[in-house]
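Enquirer: Next comes protein-v1.cif, mmCIF, C-alpha atoms and all ligand atoms:
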data_protein
loop_
_atom_site.label_atom_id
_atom_site.label_comp_id
_atom_site.auth_asym_id
_atom_site.auth_seq_id
_atom_site.Cartn_x
_atom_site.Cartn_y
_atom_site.Cartn_z
CA MET A 12 0.00 0.00 0.00
CA MET A 13 1.21 3.54 -0.78
CA SER A 14 1.94 5.94 2.12
CA SER A 15 0.29 9.38 2.00
CA GLU A 16 3.73 10.88 1.24
CA ASN A 17 4.18 8.57 -1.74
CA ARG A 18 0.65 9.38 -2.81
CA SER A 19 1.31 13.11 -3.06
CA ASP A 20 4.57 12.33 -4.96
CA PHE A 21 2.49 10.23 -7.30
CA SER A 22 -0.03 13.07 -7.90
CA ALA A 23 2.67 15.69 -8.29
CA SER A 24 4.60 13.59 -10.79
CA CYS A 25 1.55 13.22 -13.07
CA SER A 26 0.39 16.13 -15.12
CA SER A 27 -2.96 17.64 -14.25
CA ILE A 28 -5.66 18.88 -16.58
CA SER A 29 -7.83 21.96 -15.99
CA GLU A 30 -11.30 22.81 -17.24
CA GLU A 31 -13.38 25.97 -16.83
CA ALA A 32 -17.00 25.48 -15.80
CA ARG A 33 -18.51 28.66 -17.20
CA ALA A 34 -21.67 30.21 -15.75
CA LYS A 35 -24.69 29.61 -18.00
CA ILE A 36 -26.84 32.64 -18.71
CA ASN A 37 -30.40 32.28 -19.98
CA LEU A 38 -30.78 35.52 -21.97
CA ALA A 39 -34.34 34.36 -22.68
CA LEU A 40 -36.37 31.43 -21.34
CA HIS A 41 -39.89 30.76 -22.63
CA VAL A 42 -41.90 27.91 -21.12
CA THR A 43 -43.92 26.56 -24.04
CA GLY A 44 -45.47 23.34 -22.72
CA GLN A 45 -45.08 20.32 -20.49
CA ARG A 46 -44.15 16.70 -21.25
CA PRO A 47 -46.20 13.80 -19.86
CA ASP A 48 -43.35 13.11 -17.37
CA GLY A 49 -43.76 16.61 -15.88
CA TYR A 50 -40.64 18.21 -17.41
CA HIS A 51 -41.33 21.55 -19.06
CA LEU A 52 -40.69 22.35 -22.71
CA LEU A 53 -38.52 25.42 -23.07
CA ASP A 54 -37.24 27.78 -25.76
CA MET A 55 -34.01 29.35 -24.54
CA LEU A 56 -31.39 31.76 -25.83
CA VAL A 57 -28.28 30.95 -23.83
CA THR A 58 -24.77 32.29 -23.55
CA PHE A 59 -21.85 31.62 -21.20
CA ALA A 60 -19.74 33.88 -19.02
CA ASP A 61 -15.99 34.19 -19.11
CA HIS A 62 -16.24 33.41 -15.39
CA GLY A 63 -17.08 30.26 -13.47
CA ASP A 64 -15.81 27.35 -11.44
CA ARG A 65 -12.48 25.68 -12.14
CA LEU A 66 -11.79 21.97 -12.06
CA ASP A 67 -8.43 20.19 -11.97
CA PHE A 68 -8.05 16.50 -12.71
CA MET A 69 -5.03 14.29 -12.06
CA PRO A 70 -4.25 10.59 -11.78
CA SER A 71 -4.31 9.27 -8.21
CA PRO A 72 -3.97 5.87 -6.52
CA THR A 73 -7.57 6.24 -5.28
CA ASP A 74 -10.50 8.47 -6.24
CA GLU A 75 -10.40 11.76 -4.33
CA PHE A 76 -12.49 14.96 -4.39
CA THR A 77 -11.67 18.31 -2.81
CA LEU A 78 -13.57 21.61 -2.67
CA SER A 79 -12.25 25.16 -2.38
CA GLY A 80 -13.35 28.66 -3.43
CA ARG A 81 -15.87 31.18 -2.01
CA PHE A 82 -18.80 28.71 -2.24
CA GLY A 83 -16.89 25.46 -1.61
CA GLU A 84 -18.12 25.25 1.99
CA THR A 85 -21.76 25.32 0.85
CA LEU A 86 -21.27 21.95 -0.85
CA ALA A 87 -18.91 20.40 1.70
CA GLY A 88 -21.52 18.34 3.54
CA ASP A 89 -23.33 16.94 0.51
CA GLY A 90 -22.32 13.36 1.33
CA GLY A 91 -21.05 12.38 -2.11
CA THR A 92 -24.05 13.69 -4.07
CA ASN A 93 -22.00 16.30 -5.93
CA LEU A 94 -22.75 16.32 -9.66
CA VAL A 95 -18.99 16.11 -10.31
CA LEU A 96 -18.93 12.66 -8.70
CA LYS A 97 -22.08 11.58 -10.52
CA ALA A 98 -20.51 12.66 -13.83
CA ARG A 99 -17.24 10.82 -13.00
CA ASP A 100 -19.10 7.61 -12.11
CA LEU A 101 -21.40 7.63 -15.13
CA LEU A 102 -18.53 8.30 -17.53
CA ARG A 103 -16.42 5.57 -15.91
CA GLU A 104 -19.28 3.10 -16.30
CA ALA A 105 -19.50 3.98 -20.00
CA ILE A 106 -15.74 3.85 -20.59
CA GLY A 107 -14.73 0.78 -18.59
CA PRO A 108 -11.19 -0.28 -17.57
CA LEU A 109 -9.40 2.73 -19.13
CA ALA A 110 -10.97 4.94 -16.43
CA PHE A 111 -8.23 4.85 -13.76
CA PRO A 112 -8.67 6.53 -10.32
CA VAL A 113 -8.55 10.33 -10.26
CA ARG A 114 -8.18 13.25 -7.92
CA ILE A 115 -10.64 16.04 -8.78
CA GLN A 116 -10.31 19.54 -7.29
CA LEU A 117 -13.32 21.84 -7.62
CA GLU A 118 -12.83 25.56 -7.04
CA LYS A 119 -16.43 26.67 -6.45
CA ASN A 120 -16.68 30.33 -7.43
CA LEU A 121 -20.34 30.34 -8.51
CA PRO A 122 -23.18 30.63 -6.00
CA VAL A 123 -25.09 27.37 -5.52
CA ALA A 124 -28.71 26.87 -6.70
CA SER A 125 -28.59 30.25 -8.38
CA GLY A 126 -29.91 29.80 -11.95
CA ILE A 127 -26.54 29.99 -13.66
CA GLY A 128 -26.10 26.25 -13.87
CA GLY A 129 -23.06 25.89 -11.62
CA GLY A 130 -23.67 22.21 -10.89
CA SER A 131 -24.44 21.49 -14.54
CA ALA A 132 -21.33 23.36 -15.72
CA ASP A 133 -19.23 21.38 -13.21
CA ALA A 134 -20.72 18.10 -14.45
CA ALA A 135 -20.04 19.05 -18.08
CA ALA A 136 -16.48 20.15 -17.25
CA THR A 137 -15.94 16.80 -15.50
CA LEU A 138 -17.01 14.93 -18.64
CA ARG A 139 -14.69 17.05 -20.81
CA GLY A 140 -11.76 16.87 -18.36
CA LEU A 141 -11.95 13.15 -17.67
CA MET A 142 -12.23 12.24 -21.35
CA ARG A 143 -8.98 14.20 -21.84
CA LEU A 144 -7.29 12.65 -18.80
CA TRP A 145 -8.42 9.11 -19.65
CA GLY A 146 -7.42 9.69 -23.28
CA THR A 147 -10.71 8.54 -24.67
CA SER A 148 -14.07 9.88 -25.76
CA LEU A 149 -17.62 8.70 -26.34
CA PRO A 150 -19.50 8.92 -29.62
CA GLU A 151 -21.37 12.27 -29.80
CA GLU A 152 -24.84 10.75 -29.31
CA ALA A 153 -23.79 8.61 -26.33
CA LEU A 154 -22.11 11.63 -24.70
CA ALA A 155 -25.20 13.80 -25.24
CA ALA A 156 -27.43 11.10 -23.68
CA LEU A 157 -25.09 10.73 -20.70
CA ALA A 158 -25.02 14.52 -20.22
CA LEU A 159 -28.83 14.73 -20.25
CA LYS A 160 -28.99 12.01 -17.57
CA LEU A 161 -27.01 14.35 -15.32
CA GLY A 162 -29.42 17.28 -15.80
CA ALA A 163 -31.37 19.22 -18.42
CA ASP A 164 -28.70 21.96 -18.54
CA VAL A 165 -25.69 19.64 -18.87
CA PRO A 166 -25.83 19.15 -22.70
CA MET A 167 -25.66 22.91 -23.28
CA CYS A 168 -22.94 23.33 -20.66
CA LEU A 169 -20.90 20.74 -22.61
CA ALA A 170 -21.02 23.15 -25.55
CA SER A 171 -20.46 26.33 -23.45
CA ARG A 172 -21.03 28.50 -26.53
CA PRO A 173 -23.93 30.83 -27.47
CA LEU A 174 -26.89 28.67 -28.50
CA ILE A 175 -30.62 28.20 -28.71
CA ALA A 176 -31.88 25.19 -26.77
CA ARG A 177 -35.30 23.64 -27.10
CA GLY A 178 -37.07 20.54 -25.76
CA ILE A 179 -35.96 20.38 -22.14
CA GLY A 180 -32.55 21.70 -23.20
CA GLU A 181 -31.28 18.81 -25.35
CA LYS A 182 -32.13 20.22 -28.81
CA ILE A 183 -29.22 22.55 -29.36
CA GLU A 184 -28.50 24.93 -32.22
CA PRO A 185 -25.35 27.12 -32.08
CA VAL A 186 -25.77 30.90 -32.46
CA PRO A 187 -22.29 31.99 -33.61
CA GLU A 188 -23.44 35.53 -34.42
CA LEU A 189 -24.47 36.42 -30.83
CA PRO A 190 -22.14 39.27 -29.83
CA VAL A 191 -19.88 39.33 -26.77
CA LEU A 192 -21.77 41.19 -24.02
CA ALA A 193 -20.47 43.18 -21.04
CA MET A 194 -22.39 41.91 -18.04
CA VAL A 195 -22.79 42.01 -14.28
CA LEU A 196 -24.11 38.86 -12.56
CA ALA A 197 -25.95 39.70 -9.35
CA ASN A 198 -27.29 37.34 -6.71
CA PRO A 199 -28.74 38.01 -3.22
CA LEU A 200 -27.32 34.65 -2.07
CA LYS A 201 -30.68 33.07 -1.50
CA GLY A 202 -30.77 29.60 -3.10
CA VAL A 203 -33.82 28.83 -5.24
CA SER A 204 -35.23 25.33 -5.80
CA THR A 205 -35.71 24.78 -9.56
CA PRO A 206 -38.63 22.28 -9.19
CA GLU A 207 -40.43 24.68 -6.80
CA VAL A 208 -40.20 27.55 -9.34
CA PHE A 209 -41.62 25.32 -12.10
CA ARG A 210 -44.41 24.20 -9.73
CA ARG A 211 -45.47 27.81 -9.15
CA LEU A 212 -45.77 28.65 -12.87
CA ALA A 213 -49.23 30.02 -13.62
CA THR A 214 -49.19 29.25 -17.37
CA LYS A 215 -47.22 26.54 -19.13
CA ASN A 216 -48.18 27.27 -22.74
CA ASN A 217 -46.55 30.62 -23.41
CA PRO A 218 -45.59 32.03 -26.82
CA THR A 219 -42.43 30.53 -28.37
CA LEU A 220 -39.16 32.45 -28.75
CA ARG A 221 -38.96 34.09 -32.17
CA LEU A 222 -35.78 35.85 -33.26
CA ALA A 223 -35.51 37.71 -36.54
CA PRO A 224 -33.15 35.86 -38.92
CA SER A 225 -30.98 38.88 -39.67
CA LEU A 226 -29.93 40.34 -36.32
CA ARG A 227 -26.72 42.36 -36.79
CA GLY A 228 -24.71 44.05 -34.08
CA THR A 229 -25.26 44.50 -30.35
CA ALA A 230 -28.12 47.04 -30.63
CA ASP A 231 -30.22 44.60 -32.73
CA TRP A 232 -29.53 41.77 -30.33
CA LEU A 233 -30.36 43.88 -27.26
CA ALA A 234 -33.70 44.85 -28.81
CA ALA A 235 -34.45 41.19 -29.60
CA ILE A 236 -33.46 39.99 -26.12
CA GLY A 237 -35.44 42.84 -24.58
CA ALA A 238 -38.54 41.72 -26.47
CA ALA A 239 -38.16 38.16 -25.13
CA ARG A 240 -38.84 36.98 -21.55
CA ASN A 241 -37.90 34.70 -18.72
CA ASP A 242 -41.21 33.05 -17.83
CA LEU A 243 -39.70 31.78 -14.58
CA GLU A 244 -39.03 35.30 -13.27
CA PRO A 245 -42.55 35.97 -11.89
CA PRO A 246 -42.80 32.71 -9.85
CA ALA A 247 -39.18 33.03 -8.63
CA GLY A 248 -39.87 36.67 -7.72
CA GLU A 249 -42.77 35.54 -5.49
CA MET A 250 -40.37 33.29 -3.60
CA VAL A 251 -37.46 35.76 -3.44
CA PRO A 252 -38.49 39.45 -3.33
CA GLU A 253 -34.78 40.41 -3.55
CA ILE A 254 -34.89 39.52 -7.28
CA ALA A 255 -36.85 42.71 -8.04
CA VAL A 256 -34.57 44.70 -5.71
CA ILE A 257 -31.34 43.49 -7.32
CA SER A 258 -32.73 44.05 -10.81
CA ALA A 259 -33.58 47.66 -9.90
CA MET A 260 -30.08 48.10 -8.43
CA LEU A 261 -28.50 46.94 -11.73
CA GLN A 262 -30.67 49.43 -13.64
CA ALA A 263 -29.78 52.24 -11.25
CA HIS A 264 -26.11 51.54 -11.99
CA GLY A 265 -26.57 51.87 -15.75
CA ALA A 266 -27.59 48.43 -17.04
CA LEU A 267 -29.16 48.67 -20.51
CA LEU A 268 -31.15 45.50 -19.91
CA THR A 269 -31.72 43.30 -16.84
CA ARG A 270 -33.33 39.87 -16.47
CA MET A 271 -33.23 36.83 -14.23
CA SER A 272 -31.30 33.76 -15.47
CA GLY A 273 -32.75 30.22 -15.31
CA SER A 274 -34.84 29.59 -12.22
CA GLY A 275 -33.06 32.40 -10.34
CA ALA A 276 -32.18 34.12 -8.23
CA THR A 277 -29.18 35.41 -10.27
CA CYS A 278 -30.04 38.41 -12.43
CA PHE A 279 -27.82 39.78 -15.16
CA GLY A 280 -27.39 43.35 -16.29
CA ILE A 281 -26.00 44.10 -19.75
CA PHE A 282 -23.79 47.19 -19.91
CA ALA A 283 -22.45 49.30 -22.78
CA THR A 284 -18.79 48.47 -22.01
CA MET A 285 -16.75 46.23 -19.72
CA ALA A 286 -15.46 49.35 -17.92
CA ALA A 287 -19.07 50.32 -17.12
CA ALA A 288 -19.82 46.76 -15.94
CA GLU A 289 -16.73 46.70 -13.70
CA ASP A 290 -17.56 50.13 -12.19
CA ALA A 291 -21.14 49.00 -11.53
CA ALA A 292 -20.03 45.71 -9.91
CA ALA A 293 -17.63 47.61 -7.61
CA ALA A 294 -20.30 50.16 -6.61
CA LEU A 295 -22.90 47.42 -6.06
CA HIS A 296 -20.44 45.51 -3.90
CA ASP A 297 -19.93 48.65 -1.79
CA GLU A 298 -23.72 48.90 -1.33
CA ARG A 299 -24.28 45.21 -0.44
CA SER A 300 -21.02 43.45 0.36
CA ASP A 301 -23.00 40.42 1.59
CA TRP A 302 -24.43 39.76 -1.91
CA TYR A 303 -22.68 38.47 -5.05
CA PHE A 304 -21.75 40.82 -7.90
CA GLN A 305 -19.46 39.73 -10.71
CA ALA A 306 -18.53 41.68 -13.84
CA THR A 307 -17.81 39.41 -16.80
CA GLU A 308 -17.72 39.33 -20.57
CA THR A 309 -19.73 36.63 -22.26
CA VAL A 310 -17.97 34.20 -24.59
CA SER A 311 -17.74 34.76 -28.31
CA GLY A 312 -19.85 32.61 -30.59
CA GLY A 313 -16.90 32.49 -32.95
CA ALA A 314 -18.69 34.00 -35.96
C1 LIG B 1 -34.35 26.17 -15.65
C2 LIG B 1 -33.05 25.81 -16.32
O1 LIG B 1 -31.96 26.20 -15.51
C3 LIG B 1 -32.92 26.57 -17.65
O2 LIG B 1 -31.62 26.54 -18.18
C4 LIG B 1 -32.96 24.33 -16.56
O3 LIG B 1 -34.00 23.89 -17.38
C5 LIG B 1 -32.86 23.52 -15.30
O4 LIG B 1 -31.89 22.58 -15.56
P1 LIG B 1 -31.26 21.63 -14.42
O5 LIG B 1 -30.99 22.41 -13.19
O6 LIG B 1 -30.15 20.86 -15.07
O7 LIG B 1 -32.53 20.75 -14.14
P2 LIG B 1 -32.67 19.22 -13.73
O8 LIG B 1 -31.71 18.91 -12.64
O9 LIG B 1 -32.71 18.36 -14.94
O10 LIG B 1 -34.15 19.30 -13.15
C6 LIG B 1 -34.46 19.76 -11.87
C7 LIG B 1 -35.99 19.78 -11.75
O11 LIG B 1 -36.50 20.95 -12.43
C8 LIG B 1 -37.70 20.67 -13.12
N1 LIG B 1 -37.51 20.89 -14.55
C9 LIG B 1 -36.26 21.03 -15.07
C10 LIG B 1 -36.09 21.27 -16.42
C11 LIG B 1 -37.23 21.36 -17.23
N2 LIG B 1 -37.12 21.59 -18.55
N3 LIG B 1 -38.46 21.20 -16.71
C12 LIG B 1 -38.63 20.97 -15.37
O12 LIG B 1 -39.74 20.85 -14.91
C13 LIG B 1 -38.05 19.23 -12.78
O13 LIG B 1 -38.89 19.26 -11.65
C14 LIG B 1 -36.70 18.62 -12.40
O14 LIG B 1 -36.85 17.55 -11.50
N1 LIG B 2 -20.96 20.87 -8.21
C1 LIG B 2 -22.12 21.40 -7.79
N2 LIG B 2 -22.28 22.75 -7.83
C2 LIG B 2 -23.47 23.29 -7.44
N3 LIG B 2 -24.49 22.59 -6.99
C3 LIG B 2 -24.39 21.25 -6.93
C4 LIG B 2 -23.20 20.62 -7.34
N4 LIG B 2 -23.39 19.29 -7.17
C5 LIG B 2 -24.63 19.12 -6.69
N5 LIG B 2 -25.26 20.29 -6.54
C6 LIG B 2 -26.65 20.47 -6.05
O1 LIG B 2 -27.43 20.86 -7.20
C7 LIG B 2 -28.44 21.79 -6.85
C8 LIG B 2 -28.54 22.88 -7.94
O2 LIG B 2 -27.35 23.63 -7.93
P1 LIG B 2 -26.88 24.54 -9.17
O3 LIG B 2 -25.91 25.50 -8.59
O4 LIG B 2 -26.47 23.73 -10.31
O5 LIG B 2 -28.27 25.24 -9.47
P2 LIG B 2 -28.70 26.26 -10.55
O6 LIG B 2 -27.60 27.26 -10.79
O7 LIG B 2 -30.03 26.81 -10.13
O8 LIG B 2 -28.84 25.38 -11.82
P3 LIG B 2 -29.78 25.58 -13.07
O9 LIG B 2 -29.56 26.96 -13.59
O10 LIG B 2 -29.20 24.49 -13.95
O11 LIG B 2 -31.18 25.31 -12.59
C9 LIG B 2 -28.04 22.37 -5.49
O12 LIG B 2 -29.08 22.09 -4.60
C10 LIG B 2 -26.76 21.65 -5.08
O13 LIG B 2 -26.78 21.16 -3.77
#
Show the structure stored in the file as structure tokens.

Expert:
Amino acid sequence: MMSSENRSDFSASCSSISEEARAKINLALHVTGQRPDGYHLLDMLVTFADHGDRLDFMPSPTDEFTLSGRFGETLAGDGGTNLVLKARDLLREAIGPLAFPVRIQLEKNLPVASGIGGGSADAAATLRGLMRLWGTSLPEEALAALALKLGADVPMCLASRPLIARGIGEKIEPVPELPVLAMVLANPLKGVSTPEVFRRLATKNNPTLRLAPSLRGTADWLAAIGAARNDLEPPAGEMVPEIAVISAMLQAHGALLTRMSGSGATCFGIFATMAAAEDAAAALHDERSDWYFQATETVSGGA
């Protein structure tokens, strides 16, 4: 058996792999129906932040998992139910003997249960990272099915690029022309239960998301996003009155557009420039240092 000293030598001697788990931002989320199994049909315009959790993966004599970062403590007592471990185990089952033991370090920078898909992004980053570490991959369809088993948001977090998602999130179409946006993410640090928000929805058959085919430039996109909705914002707002407060604070600090992401409570504000977003995040932090404010650019669609 290896001593703990030898174990750390073993880890240090093997190269580690890093993956970003980017925050998911639902720029629009329309609830358009409900499946017989209770899951809701959604039309979503989604982008990803240049900010998120970070995961490191390295070979290890036994499986290990460590948590750090501002929100690491929140997940410390979850008794092995972390989505990172679920993703590791499901991928290992699919891959077989090539899947040697690993040490996974999760730096948890995103607030938990906050509508920006932190757990889903971590699960997706685990799939990407472990396929690299184990030197293998799954066929696209098998990987997509495995991702969906982990959560409705996981397939789009695997892509981590601007996209439209339909169905429950599994029907994905890239949107390479979506511009990079200057944004502040704002959360009152009150966790929101996703199933509870869906349960409180008054109407499940809302109008679909329709985007003009020829949107050009940020002004066009802002007008189109502004005309869309997040149908989960009213029920989440009933549960967490701070959502309206934080949205008003973003507007007061110059946001051109504000909306809640996912099932909340994180709201985003879109600003004219990154300098304006950074100034706003600093001023908001001064006002409420116990809440979460993060300036970030969104990722490029690559068009
Ligand atoms: C609201 C979104 O964040 C939008 O991006 C996602 O659709 C939620 O994705 P997620 O957190 O990965 O959700 P899951 O873990 O699959 O589902 C959590 C619970 O939310 C509800 N749920 C989720 C997704 C969906 N399309 N309809 C639902 O009704 C279900 O009660 C489900 O049991
Ligand atoms: N790695 C993880 N990070 C965050 N939450 C996790 C993780 N693993 C398991 N969870 C659990 O998943 C639940 C949802 O957390 P998450 O942060 O993904 O929510 P969310 O941001 O609202 O997601 P979504 O936008 O996909 O609905 C929490 O109750 C949390 O305990």

Enquirer: Could I get the residue neighbourhood of ligand LIG 1 (chain B) at 9 Å, counting all atoms listed in the file, as a tab-separated table (two decimals) with C-alpha atoms, keeping the file's coordinate frame?

Expert:
chain	number	residue	atom	x	y	z
A	35	LYS	CA	-24.69	29.61	-18.00
A	36	ILE	CA	-26.84	32.64	-18.71
A	37	ASN	CA	-30.40	32.28	-19.98
A	40	LEU	CA	-36.37	31.43	-21.34
A	42	VAL	CA	-41.90	27.91	-21.12
A	45	GLN	CA	-45.08	20.32	-20.49
A	46	ARG	CA	-44.15	16.70	-21.25
A	48	ASP	CA	-43.35	13.11	-17.37
A	49	GLY	CA	-43.76	16.61	-15.88
A	50	TYR	CA	-40.64	18.21	-17.41
A	51	HIS	CA	-41.33	21.55	-19.06
A	52	LEU	CA	-40.69	22.35	-22.71
A	53	LEU	CA	-38.52	25.42	-23.07
A	55	MET	CA	-34.01	29.35	-24.54
A	57	VAL	CA	-28.28	30.95	-23.83
A	124	ALA	CA	-28.71	26.87	-6.70
A	125	SER	CA	-28.59	30.25	-8.38
A	126	GLY	CA	-29.91	29.80	-11.95
A	127	ILE	CA	-26.54	29.99	-13.66
A	128	GLY	CA	-26.10	26.25	-13.87
A	129	GLY	CA	-23.06	25.89	-11.62
A	130	GLY	CA	-23.67	22.21	-10.89
A	131	SER	CA	-24.44	21.49	-14.54
A	159	LEU	CA	-28.83	14.73	-20.25
A	160	LYS	CA	-28.99	12.01	-17.57
A	161	LEU	CA	-27.01	14.35	-15.32
A	162	GLY	CA	-29.42	17.28	-15.80
A	163	ALA	CA	-31.37	19.22	-18.42
A	164	ASP	CA	-28.70	21.96	-18.54
A	165	VAL	CA	-25.69	19.64	-18.87
A	166	PRO	CA	-25.83	19.15	-22.70
A	167	MET	CA	-25.66	22.91	-23.28
A	176	ALA	CA	-31.88	25.19	-26.77
A	177	ARG	CA	-35.30	23.64	-27.10
A	178	GLY	CA	-37.07	20.54	-25.76
A	179	ILE	CA	-35.96	20.38	-22.14
A	180	GLY	CA	-32.55	21.70	-23.20
A	204	SER	CA	-35.23	25.33	-5.80
A	205	THR	CA	-35.71	24.78	-9.56
A	206	PRO	CA	-38.63	22.28	-9.19
A	207	GLU	CA	-40.43	24.68	-6.80
A	208	VAL	CA	-40.20	27.55	-9.34
A	209	PHE	CA	-41.62	25.32	-12.10
A	210	ARG	CA	-44.41	24.20	-9.73
A	243	LEU	CA	-39.70	31.78	-14.58
A	272	SER	CA	-31.30	33.76	-15.47
A	273	GLY	CA	-32.75	30.22	-15.31
A	274	SER	CA	-34.84	29.59	-12.22
A	275	GLY	CA	-33.06	32.40	-10.34

Enquirer: Using atom O13 of ligand LIG 2 (chain B) and atom CA of A:Gly107 as the two end points, give the distance in Å to one decimal.

Expert: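 Pair atom O13 of ligand LIG 2 (chain B) / atom CA of A:Gly107 returns 27.9 Å.
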
Enquirer: With all atoms of ligand LIG 2 (chain B) from the file as input, state the centre and edge lengths in Å to one decimal of the axis-aligned box that has 3 Å extra on each side, as lines of an AutoDock Vina configuration file.

Expert:
center_x = -26.1
center_y = 23.2
center_z = -8.9
size_x = 16.2
size_y = 14.1
size_z = 16.2

Enquirer: Please produce, as a Markdown table, a per-residue contact table for stretch 41-105 of chain A versus stretch 212-224 of chain A (criterion: any atom at most 6 Å away, only C-alpha atoms considered), showing the nearest atom pair and its distance in Å to one decimal, sorted by chain then residue number.

Expert:
| residue | atom | partner | partner_atom | distance |
| --- | --- | --- | --- | --- |
| A:Val42 | CA | A:Lys215 | CA | 5.8 |
| A:Thr43 | CA | A:Asn216 | CA | 4.5 |
| A:Gly44 | CA | A:Asn216 | CA | 4.8 |
| A:Asp54 | CA | A:Leu220 | CA | 5.9 |

Enquirer: So, with all atoms listed in the file as the atoms that count, which of A:Ala235, A:Arg240, A:Met271, A:Val191 lies closest to A:Gly313?

Expert: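 Answer, going by the shortest atom-to-atom distance: A:Val191.
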
Enquirer: Determine the nearest neighbour of ligand LIG 2 (chain B) from the options A:Phe68, A:Phe76, A:Phe304, A:Phe282, counting only C-alpha atoms and all ligand atoms.

Expert: A:Phe76

Enquirer: What's the 10 Å shell around A:Leu189, counting all atoms listed in the file, without same-chain residues fewer than 3 positions away, as a VMD selection string?

Expert: chain A and resid 56 to 58 172 to 174 185 to 186 192 226 to 229 232 309 to 314

Enquirer: Using only C-alpha atoms, can you tell me which of A:Cys168, A:Ala132, A:Ala110, A:Ile281 comes closest to A:Ala306?

Expert: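 Nearest candidate to A:Ala306 out of A:Cys168, A:Ala132, A:Ala110, A:Ile281: A:Ile281.
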
Enquirer: Considering only C-alpha atoms and all ligand atoms, state which residue in the set A:Ser258, A:Thr147, A:Gln116, A:Gln305 is at the smallest distance from ligand LIG 2 (chain B).

Expert: A:Gln116

Enquirer: What does the distance from atom CA of A:Thr284 to atom CA of A:Asp301 come to in Å, to one decimal?

Expert: 25.3 Å

Enquirer: What is the atom CA of A:Leu141 to atom CA of A:Ala32 distance in Å?

Expert: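 Separation between atom CA of A:Leu141 and atom CA of A:Ala32: 13.5 Å.
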
Enquirer: Determine, counting all atoms listed in the file, which protein, DNA and RNA residues have an atom within 10 Å of an atom of stretch 86-93 of chain A; residues of the same chain fewer than 3 positions away are not included. Present the result as a list in words.

Expert: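 The neighbour list is Phe76, Thr77, Leu78, Ser79, Phe82, Gly83, Leu96, Lys97, Ala98, Lys119, Val123, Gly130, Asp133 and Ala134 of chain A.
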
Enquirer: Store the residues picked out above, limited to C-alpha atoms, as a short mmCIF file (atom, residue, chain, number, x, y, z; two decimals), in the coordinates of the input.

Expert:
data_model
loop_
_atom_site.label_atom_id
_atom_site.label_comp_id
_atom_site.auth_asym_id
_atom_site.auth_seq_id
_atom_site.Cartn_x
_atom_site.Cartn_y
_atom_site.Cartn_z
CA PHE A 76 -12.49 14.96 -4.39
CA THR A 77 -11.67 18.31 -2.81
CA LEU A 78 -13.57 21.61 -2.67
CA SER A 79 -12.25 25.16 -2.38
CA PHE A 82 -18.80 28.71 -2.24
CA GLY A 83 -16.89 25.46 -1.61
CA LEU A 96 -18.93 12.66 -8.70
CA LYS A 97 -22.08 11.58 -10.52
CA ALA A 98 -20.51 12.66 -13.83
CA LYS A 119 -16.43 26.67 -6.45
CA VAL A 123 -25.09 27.37 -5.52
CA GLY A 130 -23.67 22.21 -10.89
CA ASP A 133 -19.23 21.38 -13.21
CA ALA A 134 -20.72 18.10 -14.45
#

Enquirer: Please determine, counting all atoms listed in the file, which residue among A:Gly202, A:Gly140, A:Pro190, A:Gly63 has the shortest atom-to-atom distance to ligand LIG 2 (chain B).

Expert: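 Ranked by minimum distance to ligand LIG 2 (chain B), first place goes to A:Gly202.
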
Enquirer: Rank A:Val195, A:Ala105, A:Leu117, A:Val256 by their smallest atom-to-atom distance to ligand LIG 2 (chain B), using only C-alpha atoms and all ligand atoms, and report the top residue only.

Expert: A:Leu117

Enquirer: Please provide as number ranges by chain all residues within 12 Å of stretch 288-291 of chain A, with the sequence filter that same-chain residues fewer than 5 positions apart are discarded (counting all atoms listed in the file).

Expert: A: 192-197, 260-267, 279-283, 296-298, 304-309
